[in-house]
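Raw entry_20.pdb, PDB, C-alpha atoms (C1' of nucleotides):
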ATOM      1  CA  MET A   1      94.140  21.266 118.794
ATOM      2  CA  ALA A   2      97.607  22.001 120.054
ATOM      3  CA  ARG A   3     100.959  20.554 119.194
ATOM      4  CA  ALA A   4     101.086  16.773 119.317
ATOM      5  CA  ALA A   5     102.144  15.247 122.601
ATOM      6  CA  THR A   6     105.818  14.511 122.963
ATOM      7  CA  THR A   7     104.754  10.949 123.627
ATOM      8  CA  ALA A   8     102.804  10.776 120.378
ATOM      9  CA  ASP A   9     105.671   9.155 118.481
ATOM     10  CA  ALA A  10     109.431   8.927 118.271
ATOM     11  CA  PHE A  11     109.654  12.061 116.112
ATOM     12  CA  ASN A  12     108.103  14.191 118.827
ATOM     13  CA  ALA A  13     109.951  12.505 121.659
ATOM     14  CA  VAL A  14     113.288  13.040 120.004
ATOM     15  CA  ALA A  15     112.684  16.648 119.053
ATOM     16  CA  GLU A  16     113.872  17.561 122.538
ATOM     17  CA  PRO A  17     117.699  17.827 122.615
ATOM     18  CA  ARG A  18     117.994  16.557 126.181
ATOM     19  CA  ARG A  19     116.214  13.388 125.248
ATOM     20  CA  ARG A  20     118.592  12.836 122.365
ATOM     21  CA  GLN A  21     121.451  13.336 124.804
ATOM     22  CA  ILE A  22     119.994  10.721 127.092
ATOM     23  CA  LEU A  23     119.807   8.245 124.250
ATOM     24  CA  ASP A  24     123.341   9.116 123.222
ATOM     25  CA  VAL A  25     124.514   8.170 126.687
ATOM     26  CA  LEU A  26     122.501   4.970 126.742
ATOM     27  CA  VAL A  27     124.109   3.804 123.515
ATOM     28  CA  GLY A  28     127.108   3.144 125.722
ATOM     29  CA  GLY A  29     125.072   0.751 127.841
ATOM     30  CA  GLU A  30     122.600   0.471 130.659
ATOM     31  CA  ARG A  31     122.618   3.311 133.202
ATOM     32  CA  PRO A  32     120.861   4.222 136.437
ATOM     33  CA  VAL A  33     119.048   7.561 136.553
ATOM     34  CA  ASN A  34     121.643   9.196 138.741
ATOM     35  CA  ASP A  35     124.370   8.587 136.190
ATOM     36  CA  LEU A  36     122.316  10.488 133.660
ATOM     37  CA  VAL A  37     121.678  13.263 136.147
ATOM     38  CA  ARG A  38     125.411  13.692 136.652
ATOM     39  CA  MET A  39     126.410  13.300 133.035
ATOM     40  CA  LEU A  40     123.804  15.679 131.654
ATOM     41  CA  GLY A  41     123.917  18.186 134.497
ATOM     42  CA  LEU A  42     120.150  18.244 134.747
ATOM     43  CA  ALA A  43     117.953  18.148 137.832
ATOM     44  CA  GLN A  44     116.817  14.660 138.781
ATOM     45  CA  PRO A  45     113.076  15.247 138.276
ATOM     46  CA  GLN A  46     113.589  16.513 134.741
ATOM     47  CA  VAL A  47     115.645  13.469 133.897
ATOM     48  CA  SER A  48     112.932  11.198 135.260
ATOM     49  CA  LYS A  49     110.377  13.073 133.215
ATOM     50  CA  HIS A  50     112.395  12.808 130.037
ATOM     51  CA  LEU A  51     112.895   9.123 130.672
ATOM     52  CA  ARG A  52     109.170   8.676 131.039
ATOM     53  CA  VAL A  53     108.613  10.160 127.609
ATOM     54  CA  LEU A  54     111.277   7.942 126.112
ATOM     55  CA  ARG A  55     109.718   4.943 127.810
ATOM     56  CA  GLU A  56     106.281   5.781 126.453
ATOM     57  CA  VAL A  57     107.494   5.831 122.889
ATOM     58  CA  GLY A  58     109.473   2.651 123.475
ATOM     59  CA  ALA A  59     112.906   4.167 123.020
ATOM     60  CA  VAL A  60     114.131   2.892 126.381
ATOM     61  CA  ASP A  61     113.392  -0.022 128.683
ATOM     62  CA  VAL A  62     113.779  -0.154 132.449
ATOM     63  CA  ARG A  63     114.945  -2.829 134.807
ATOM     64  CA  GLU A  64     114.734  -2.544 138.581
ATOM     65  CA  GLU A  65     117.710  -3.435 140.656
ATOM     66  CA  GLY A  66     117.522  -2.611 144.322
ATOM     67  CA  ARG A  67     116.702   1.023 144.653
ATOM     68  CA  GLN A  68     118.029   1.855 141.240
ATOM     69  CA  ARG A  69     116.276   1.676 137.893
ATOM     70  CA  LEU A  70     118.544   0.777 135.071
ATOM     71  CA  TYR A  71     117.585   2.287 131.756
ATOM     72  CA  ARG A  72     118.611   0.719 128.527
ATOM     73  CA  LEU A  73     118.340   1.851 124.904
ATOM     74  CA  ASN A  74     115.794   0.325 122.579
ATOM     75  CA  GLY A  75     116.871   1.795 119.277
ATOM     76  CA  HIS A  76     114.183  -0.031 117.371
ATOM     77  CA  ALA A  77     111.797   2.797 118.245
ATOM     78  CA  LEU A  78     113.958   5.109 116.143
ATOM     79  CA  LYS A  79     113.686   3.060 112.984
ATOM     80  CA  PRO A  80     110.709   5.033 111.628
ATOM     81  CA  ILE A  81     112.792   8.192 111.803
ATOM     82  CA  HIS A  82     115.645   6.581 109.945
ATOM     83  CA  ASP A  83     113.295   5.075 107.395
ATOM     84  CA  TRP A  84     111.765   8.437 106.702
ATOM     85  CA  VAL A  85     114.875  10.554 106.548
ATOM     86  CA  LYS A  86     117.057   8.163 104.577
ATOM     87  CA  ASP A  87     115.089   8.883 101.416
ATOM     88  CA  TYR A  88     116.309  12.458 101.569
ATOM     89  CA  GLU A  89     119.948  11.492 101.668
ATOM     90  CA  ARG A  90     120.191  11.922  97.928
ATOM     91  CA  SER A  91     119.554  15.646  98.447
ATOM     92  CA  TRP A  92     122.899  16.229 100.049
ATOM     93  CA  SER A  93     125.097  13.232  99.426
ATOM     94  CA  GLU A  94     127.627  13.672  96.648
ATOM     95  CA  ARG A  95     127.580   9.937  96.115
ATOM     96  CA  PHE A  96     123.903  10.103  95.286
ATOM     97  CA  GLU A  97     124.334  13.203  93.172
ATOM     98  CA  ALA A  98     126.942  11.370  91.137
ATOM     99  CA  LEU A  99     124.557   8.469  90.756
ATOM    100  CA  ASP A 100     121.865  10.846  89.545
ATOM    101  CA  VAL A 101     124.206  12.188  86.897
ATOM    102  CA  VAL A 102     124.902   8.693  85.631
ATOM    103  CA  LEU A 103     121.221   7.835  85.524
ATOM    104  CA  GLU A 104     120.493  11.026  83.660
ATOM    105  CA  GLU A 105     123.129  10.233  81.078
ATOM    106  CA  LEU A 106     121.750   6.758  80.623
ATOM    107  CA  LYS A 107     118.307   8.130  80.049
ATOM    108  CA  GLU A 108     119.514  10.602  77.426
ATOM    109  CA  LYS A 109     121.516   7.957  75.652
ATOM    110  CA  GLU A 110     118.506   5.697  75.477
ATOM    111  CA  ALA A 111     116.356   8.490  74.087
ATOM    112  CA  GLY A 112     119.075   9.406  71.595
ATOM    113  CA  ASP A 113     119.655   6.057  69.830
ATOM    114  CA  GLY A 114     116.009   5.119  69.866
ATOM    115  CA  SER A 115     114.113   3.558  66.965
ATOM    116  CA  SER A 116     112.360   6.180  64.792
ATOM    117  CA  GLU A 117     115.040   8.890  64.689
TER     118      GLU A 117
ATOM    119  CA  MET B   1     110.485  27.876 129.539
ATOM    120  CA  ALA B   2     108.095  25.932 127.307
ATOM    121  CA  ARG B   3     108.667  23.463 124.527
ATOM    122  CA  ALA B   4     111.179  24.548 121.932
ATOM    123  CA  ALA B   5     109.746  26.404 118.949
ATOM    124  CA  THR B   6     108.928  24.304 115.925
ATOM    125  CA  THR B   7     111.279  26.597 114.057
ATOM    126  CA  ALA B   8     114.108  25.899 116.486
ATOM    127  CA  ASP B   9     115.617  23.198 114.305
ATOM    128  CA  ALA B  10     114.799  20.505 111.766
ATOM    129  CA  PHE B  11     113.985  17.969 114.489
ATOM    130  CA  ASN B  12     111.189  20.129 115.833
ATOM    131  CA  ALA B  13     109.954  21.209 112.424
ATOM    132  CA  VAL B  14     109.667  17.649 111.219
ATOM    133  CA  ALA B  15     107.964  16.320 114.326
ATOM    134  CA  GLU B  16     104.686  17.446 112.785
ATOM    135  CA  PRO B  17     103.332  14.769 110.413
ATOM    136  CA  ARG B  18     101.780  17.290 108.012
ATOM    137  CA  ARG B  19     105.124  18.904 107.509
ATOM    138  CA  ARG B  20     106.686  15.558 106.708
ATOM    139  CA  GLN B  21     103.900  14.988 104.218
ATOM    140  CA  ILE B  22     104.648  18.299 102.578
ATOM    141  CA  LEU B  23     108.292  17.371 102.217
ATOM    142  CA  ASP B  24     107.311  13.975 100.858
ATOM    143  CA  VAL B  25     105.348  15.687  98.129
ATOM    144  CA  LEU B  26     108.137  18.137  97.346
ATOM    145  CA  VAL B  27     110.583  15.283  96.797
ATOM    146  CA  GLY B  28     108.694  14.852  93.547
ATOM    147  CA  GLY B  29     109.571  18.375  92.468
ATOM    148  CA  GLU B  30     108.658  22.016  92.823
ATOM    149  CA  ARG B  31     105.024  22.756  93.669
ATOM    150  CA  PRO B  32     102.779  25.779  94.154
ATOM    151  CA  VAL B  33     100.913  26.075  97.449
ATOM    152  CA  ASN B  34      97.575  25.160  95.963
ATOM    153  CA  ASP B  35      98.888  21.803  94.792
ATOM    154  CA  LEU B  36      99.820  21.007  98.353
ATOM    155  CA  VAL B  37      96.448  22.166  99.602
ATOM    156  CA  ARG B  38      94.728  19.772  97.241
ATOM    157  CA  MET B  39      97.083  16.863  97.751
ATOM    158  CA  LEU B  40      97.097  17.049 101.538
ATOM    159  CA  GLY B  41      93.454  17.994 101.976
ATOM    160  CA  LEU B  42      94.350  20.789 104.374
ATOM    161  CA  ALA B  43      93.041  24.321 104.515
ATOM    162  CA  GLN B  44      95.178  26.795 102.627
ATOM    163  CA  PRO B  45      96.202  28.890 105.665
ATOM    164  CA  GLN B  46      97.494  25.848 107.536
ATOM    165  CA  VAL B  47      99.565  24.841 104.540
ATOM    166  CA  SER B  48     101.053  28.324 104.326
ATOM    167  CA  LYS B  49     101.850  28.197 108.014
ATOM    168  CA  HIS B  50     103.528  24.816 107.766
ATOM    169  CA  LEU B  51     105.509  26.054 104.793
ATOM    170  CA  ARG B  52     106.672  29.017 106.816
ATOM    171  CA  VAL B  53     108.060  26.723 109.479
ATOM    172  CA  LEU B  54     109.797  24.596 106.876
ATOM    173  CA  ARG B  55     111.217  27.741 105.289
ATOM    174  CA  GLU B  56     112.548  28.978 108.618
ATOM    175  CA  VAL B  57     114.502  25.806 109.235
ATOM    176  CA  GLY B  58     115.734  25.813 105.648
ATOM    177  CA  ALA B  59     113.959  22.663 104.565
ATOM    178  CA  VAL B  60     112.282  24.387 101.627
ATOM    179  CA  ASP B  61     113.011  27.305  99.331
ATOM    180  CA  VAL B  62     110.527  29.509  97.507
ATOM    181  CA  ARG B  63     110.484  31.044  94.086
ATOM    182  CA  GLU B  64     107.872  33.537  92.933
ATOM    183  CA  GLU B  65     106.242  33.074  89.596
ATOM    184  CA  GLY B  66     103.328  35.336  88.824
ATOM    185  CA  ARG B  67     100.800  34.975  91.558
ATOM    186  CA  GLN B  68     102.098  31.605  92.575
ATOM    187  CA  ARG B  69     104.922  30.707  94.936
ATOM    188  CA  LEU B  70     106.740  27.597  93.968
ATOM    189  CA  TYR B  71     108.157  25.649  96.874
ATOM    190  CA  ARG B  72     111.073  23.337  96.454
ATOM    191  CA  LEU B  73     112.726  20.841  98.770
ATOM    192  CA  ASN B  74     116.058  21.582 100.367
ATOM    193  CA  GLY B  75     116.905  18.238 101.889
ATOM    194  CA  HIS B  76     120.211  19.470 103.210
ATOM    195  CA  ALA B  77     118.384  20.789 106.275
ATOM    196  CA  LEU B  78     117.523  17.211 107.170
ATOM    197  CA  LYS B  79     121.099  16.002 107.252
ATOM    198  CA  PRO B  80     121.500  16.570 111.015
ATOM    199  CA  ILE B  81     118.581  14.237 111.613
ATOM    200  CA  HIS B  82     120.073  11.569 109.424
ATOM    201  CA  ASP B  83     123.487  12.024 110.986
ATOM    202  CA  TRP B  84     122.045  11.568 114.442
ATOM    203  CA  VAL B  85     119.760   8.657 113.808
ATOM    204  CA  LYS B  86     122.069   6.618 111.608
ATOM    205  CA  ASP B  87     124.229   5.715 114.605
ATOM    206  CA  TYR B  88     121.291   3.837 116.048
ATOM    207  CA  GLU B  89     120.807   1.700 112.978
ATOM    208  CA  ARG B  90     122.907  -1.031 114.551
ATOM    209  CA  SER B  91     120.209  -1.419 117.207
ATOM    210  CA  TRP B  92     117.757  -2.930 114.787
ATOM    211  CA  SER B  93     119.574  -3.879 111.614
ATOM    212  CA  GLU B  94     120.407  -7.565 111.294
ATOM    213  CA  ARG B  95     123.264  -6.626 109.029
ATOM    214  CA  PHE B  96     124.837  -4.609 111.811
ATOM    215  CA  GLU B  97     124.080  -7.261 114.378
ATOM    216  CA  ALA B  98     125.931  -9.768 112.203
ATOM    217  CA  LEU B  99     128.817  -7.341 111.931
ATOM    218  CA  ASP B 100     128.895  -7.020 115.704
ATOM    219  CA  VAL B 101     129.136 -10.775 116.034
ATOM    220  CA  VAL B 102     132.105 -10.868 113.678
ATOM    221  CA  LEU B 103     133.857  -8.065 115.506
ATOM    222  CA  GLU B 104     133.270  -9.801 118.819
ATOM    223  CA  GLU B 105     134.786 -13.006 117.474
ATOM    224  CA  LEU B 106     137.796 -11.124 116.193
ATOM    225  CA  LYS B 107     138.327  -9.548 119.545
ATOM    226  CA  GLU B 108     138.183 -12.871 121.344
ATOM    227  CA  LYS B 109     140.547 -14.490 118.892
ATOM    228  CA  GLU B 110     143.044 -11.695 119.375
ATOM    229  CA  ALA B 111     142.834 -12.052 123.141
ATOM    230  CA  GLY B 112     143.216 -15.818 122.850
ATOM    231  CA  ASP B 113     146.409 -16.132 120.785
ATOM    232  CA  GLY B 114     148.111 -13.107 122.332
ATOM    233  CA  SER B 115     151.771 -12.892 123.322
ATOM    234  CA  SER B 116     152.300 -13.932 126.958
ATOM    235  CA  GLU B 117     149.778 -16.757 127.209
TER     236      GLU B 117
ATOM    237  C1'  DT C   1     111.848   2.383 163.515
ATOM    238  C1'  DT C   2     114.337   6.027 161.888
ATOM    239  C1'  DG C   3     117.046   7.845 158.472
ATOM    240  C1'  DA C   4     119.428   8.077 154.106
ATOM    241  C1'  DC C   5     119.321   7.176 149.388
ATOM    242  C1'  DA C   6     117.187   6.579 144.445
ATOM    243  C1'  DT C   7     113.568   7.719 141.693
ATOM    244  C1'  DA C   8     108.873   9.245 140.388
ATOM    245  C1'  DT C   9     104.993  12.332 140.689
ATOM    246  C1'  DT C  10     102.526  16.635 141.431
ATOM    247  C1'  DC C  11     101.787  21.455 141.111
ATOM    248  C1'  DC C  12     103.170  25.851 139.154
ATOM    249  C1'  DG C  13     103.704  29.431 135.382
ATOM    250  C1'  DA C  14     105.170  31.075 130.933
ATOM    251  C1'  DT C  15     104.999  29.914 126.357
ATOM    252  C1'  DA C  16     104.219  28.197 121.602
ATOM    253  C1'  DT C  17     101.374  25.340 119.270
ATOM    254  C1'  DG C  18      97.845  23.910 115.365
ATOM    255  C1'  DG C  19      93.346  24.285 113.547
ATOM    256  C1'  DG C  20      89.591  27.519 112.344
ATOM    257  C1'  DT C  21      87.996  31.757 110.487
ATOM    258  C1'  DA C  22      88.559  36.210 108.776
ATOM    259  C1'  DT C  23      91.232  39.328 106.493
ATOM    260  C1'  DA C  24      95.305  41.394 104.139
ATOM    261  C1'  DT C  25      98.532  41.562 100.232
ATOM    262  C1'  DG C  26      99.636  41.157  95.590
ATOM    263  C1'  DA C  27      99.168  39.629  90.731
ATOM    264  C1'  DT C  28      96.255  38.936  86.660
ATOM    265  C1'  DC C  29      92.297  39.583  83.797
ATOM    266  C1'  DT C  30      88.292  42.276  81.861
TER     267       DT C  30
ATOM    268  C1'  DA D   1      88.994  50.417  88.371
ATOM    269  C1'  DG D   2      86.860  46.218  89.855
ATOM    270  C1'  DA D   3      86.763  41.321  90.202
ATOM    271  C1'  DT D   4      89.142  37.133  90.863
ATOM    272  C1'  DC D   5      92.815  34.146  91.887
ATOM    273  C1'  DA D   6      97.008  32.717  94.917
ATOM    274  C1'  DT D   7      99.070  33.171  99.094
ATOM    275  C1'  DA D   8     100.195  35.092 103.669
ATOM    276  C1'  DT D   9      99.032  36.972 108.094
ATOM    277  C1'  DA D  10      96.305  37.971 112.294
ATOM    278  C1'  DC D  11      93.427  36.524 115.870
ATOM    279  C1'  DC D  12      91.192  33.144 118.950
ATOM    280  C1'  DC D  13      91.239  29.049 121.802
ATOM    281  C1'  DA D  14      92.284  24.603 123.977
ATOM    282  C1'  DT D  15      96.143  22.120 125.039
ATOM    283  C1'  DA D  16     100.703  20.196 126.246
ATOM    284  C1'  DT D  17     105.007  21.609 127.157
ATOM    285  C1'  DC D  18     109.586  22.316 130.049
ATOM    286  C1'  DG D  19     111.877  23.702 134.044
ATOM    287  C1'  DG D  20     111.662  24.484 139.049
ATOM    288  C1'  DA D  21     110.373  23.264 143.637
ATOM    289  C1'  DA D  22     108.163  20.384 146.769
ATOM    290  C1'  DT D  23     106.693  16.047 147.907
ATOM    291  C1'  DA D  24     105.588  11.081 147.462
ATOM    292  C1'  DT D  25     107.074   6.225 146.967
ATOM    293  C1'  DG D  26     110.069   2.625 147.697
ATOM    294  C1'  DT D  27     114.494   0.351 149.176
ATOM    295  C1'  DC D  28     118.292  -0.455 152.137
ATOM    296  C1'  DA D  29     121.027   0.244 156.432
ATOM    297  C1'  DA D  30     121.752   1.051 161.432
TER     298       DA D  30
END

Show how you would write the structure in this file as structure tokens.
Amino acid sequence: MARAATTADAFNAVAEPRRRQILDVLVGGERPVNDLVRMLGLAQPQVSKHLRVLREVGAVDVREEGRQRLYRLNGHALKPIHDWVKDYERSWSERFEALDVVLEELKEKEAGDGSSE
Amino acid sequence: MARAATTADAFNAVAEPRRRQILDVLVGGERPVNDLVRMLGLAQPQVSKHLRVLREVGAVDVREEGRQRLYRLNGHALKPIHDWVKDYERSWSERFEALDVVLEELKEKEAGDGSSE
DNA sequence: TTGACATATTCCGATATGGGTATATGATCT
DNA sequence: AGATCATATACCCATATCGGAATATGTCAA
């Protein structure tokens, strides 16, 4: 087996920086492919290919309008990433560290004034 | 050029489900390699290889103790992922959608009772 | 119909992957 | 020293990648 396909899930799709850039642009609203080509400074075929990957994992939707295809963000596809990573926030957030300290103190207190001591 | 190395950054490292599983176990505390082997049902060499990737992106630290190596989570390496994805939360969270509605109403109100109207 | 424009697809080549298997390194025990 | 345990590394292979270049598809305009 090789590395999982980029289209396997949102995690793989979004591992590519250019695809994150594309999404970052689309947060600002619907865009035709050529806008993305100009804004990202990439060749048109590569943009189309990246968009295909994002489409396959459901991170973007398309709408045809004349000869253009308007791509639009579908952030819902990114929820699994957020759900996974948010549990690690306590590892770096001072707010959570402070909370941990409080919880620790509470636990010690409870153990200290317990019954048979 | 090919796909970016898995060790290129946390996004790539974490795109592999087994590596996320490893981190999920390490949230519970320091563990020797063999624990992970048993808990994940993977062959020992693959676990060592995944751990190497996680080490290279800084997501875990090691400590030697006798013949064992104790691996420990370093969630800080995952912060960039959280920082990136959290801005998309508004795309799916009802809480944020409600907030957007309120903000929109405020904006309209402001435009409505403005000065020269 | 011919041509210009917007986008997608195909083919190429170099590269890194992840699992499997075998082996190397290093610590502990007898 | 030799055996055993814990872990890391090396090697093989099938596969999917990303960018580049060329080309196909489809729409609109003259």

Output as CSV one row per residue of chain D within 10 Å of chain B: the closest atom pair and its distance in Å to one decimal place, counting all atoms listed in the file, sorted by chain and residue number ascending.
residue,atom,partner,partner_atom,distance
D:DC5,C1',B:Arg67,CA,8.0
D:DA6,C1',B:Arg67,CA,5.5
D:DT7,C1',B:Gln68,CA,7.4
D:DA8,C1',B:Ser48,CA,6.9
D:DT9,C1',B:Pro45,CA,8.9
D:DA16,C1',B:Arg3,CA,8.8
D:DT17,C1',B:Arg3,CA,4.9
D:DC18,C1',B:Ala2,CA,4.8
D:DG19,C1',B:Met1,CA,6.3

- Using all atoms listed in the file, find which residues of chain C lie within 7 Å of chain A and jot them down as a PyMOL selection string. chain C and resi 6+8+17-19

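Least-squares superposition puts chain A on chain B with a C-alpha RMSD of 0.4 Å, counting every Cα pair in order.
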
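The gap separating CA of Ala13 in chain A from CA of Ile81 in chain B is 13.4 Å, in Å to one decimal.
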
- List, as JSON, numbers by chain, every residue that the PyMOL selection byres ((chain A and resi 6) around 9) selects in the file provided. {"A": [3, 4, 5, 7, 8, 9, 10, 11, 12, 13, 14, 15, 16, 53, 57], "D": [16, 17]}

- Query: CA of Ala59 in chain B and CA of Ala77 in chain B are how many Å apart?
  - Reply: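 Interatomic distance here is 5.1 Å.
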
Taking the file as shown, find all residues satisfying the PyMOL selection byres ((chain B) within 7 of (chain A)) and write them as a CSV table (one decimal) with C-alpha atoms, keeping the file's coordinate frame.
chain,number,residue,atom,x,y,z
B,11,PHE,CA,114.0,18.0,114.5
B,12,ASN,CA,111.2,20.1,115.8
B,15,ALA,CA,108.0,16.3,114.3
B,75,GLY,CA,116.9,18.2,101.9
B,76,HIS,CA,120.2,19.5,103.2
B,82,HIS,CA,120.1,11.6,109.4
B,85,VAL,CA,119.8,8.7,113.8
B,86,LYS,CA,122.1,6.6,111.6
B,88,TYR,CA,121.3,3.8,116.0
B,91,SER,CA,120.2,-1.4,117.2
B,92,TRP,CA,117.8,-2.9,114.8

- Compute the distance from (96.3, 14.9, 100.8) to each atom, counting only C-alpha atoms (C1' of nucleotides), keep the residues with any atom at most 12 Å away, and return them as a list in words; use the coordinates of the file. Pro17, Arg18, Arg19, Arg20, Gln21, Ile22, Asp24, Val25, Asn34, Asp35, Leu36, Val37, Arg38, Met39, Leu40, Gly41, Leu42, Ala43 and Val47 of chain B

- CA of Gly28 in chain B to C1' of DG20 in chain C, straight-line distance in Å: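 CA of Gly28 in chain B lies 29.6 Å from C1' of DG20 in chain C.
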
Enclosing box along x, y and z for every listed atom of range 9-14 of chain D, padded 6 Å each side, centre and size in Å, one decimal, as lines of an AutoDock Vina configuration file:
center_x = 95.1
center_y = 31.3
center_z = 116.0
size_x = 19.8
size_y = 25.4
size_z = 27.9

- Would you translate the PyMOL selection byres ((chain C and resi 24) around 10) into the concrete set of residues it matches in this file, as an NGL selection string? (:C and (22-23 or 25-26)) or (:D and (8-10))

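All residues of protein, DNA or RNA that reach within 9 Å of DT10 in chain C, judged by all atoms listed in the file and not counting those fewer than 6 positions away in the chain, are DA22, DT23 and DA24 of chain D.
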
- Task: Just the residues within 12 Å of DA29 in chain D, please, counting all atoms listed in the file, with nothing from its chain fewer than 4 positions along; format it as a PyMOL selection string.
- Result: chain C and resi 1-5
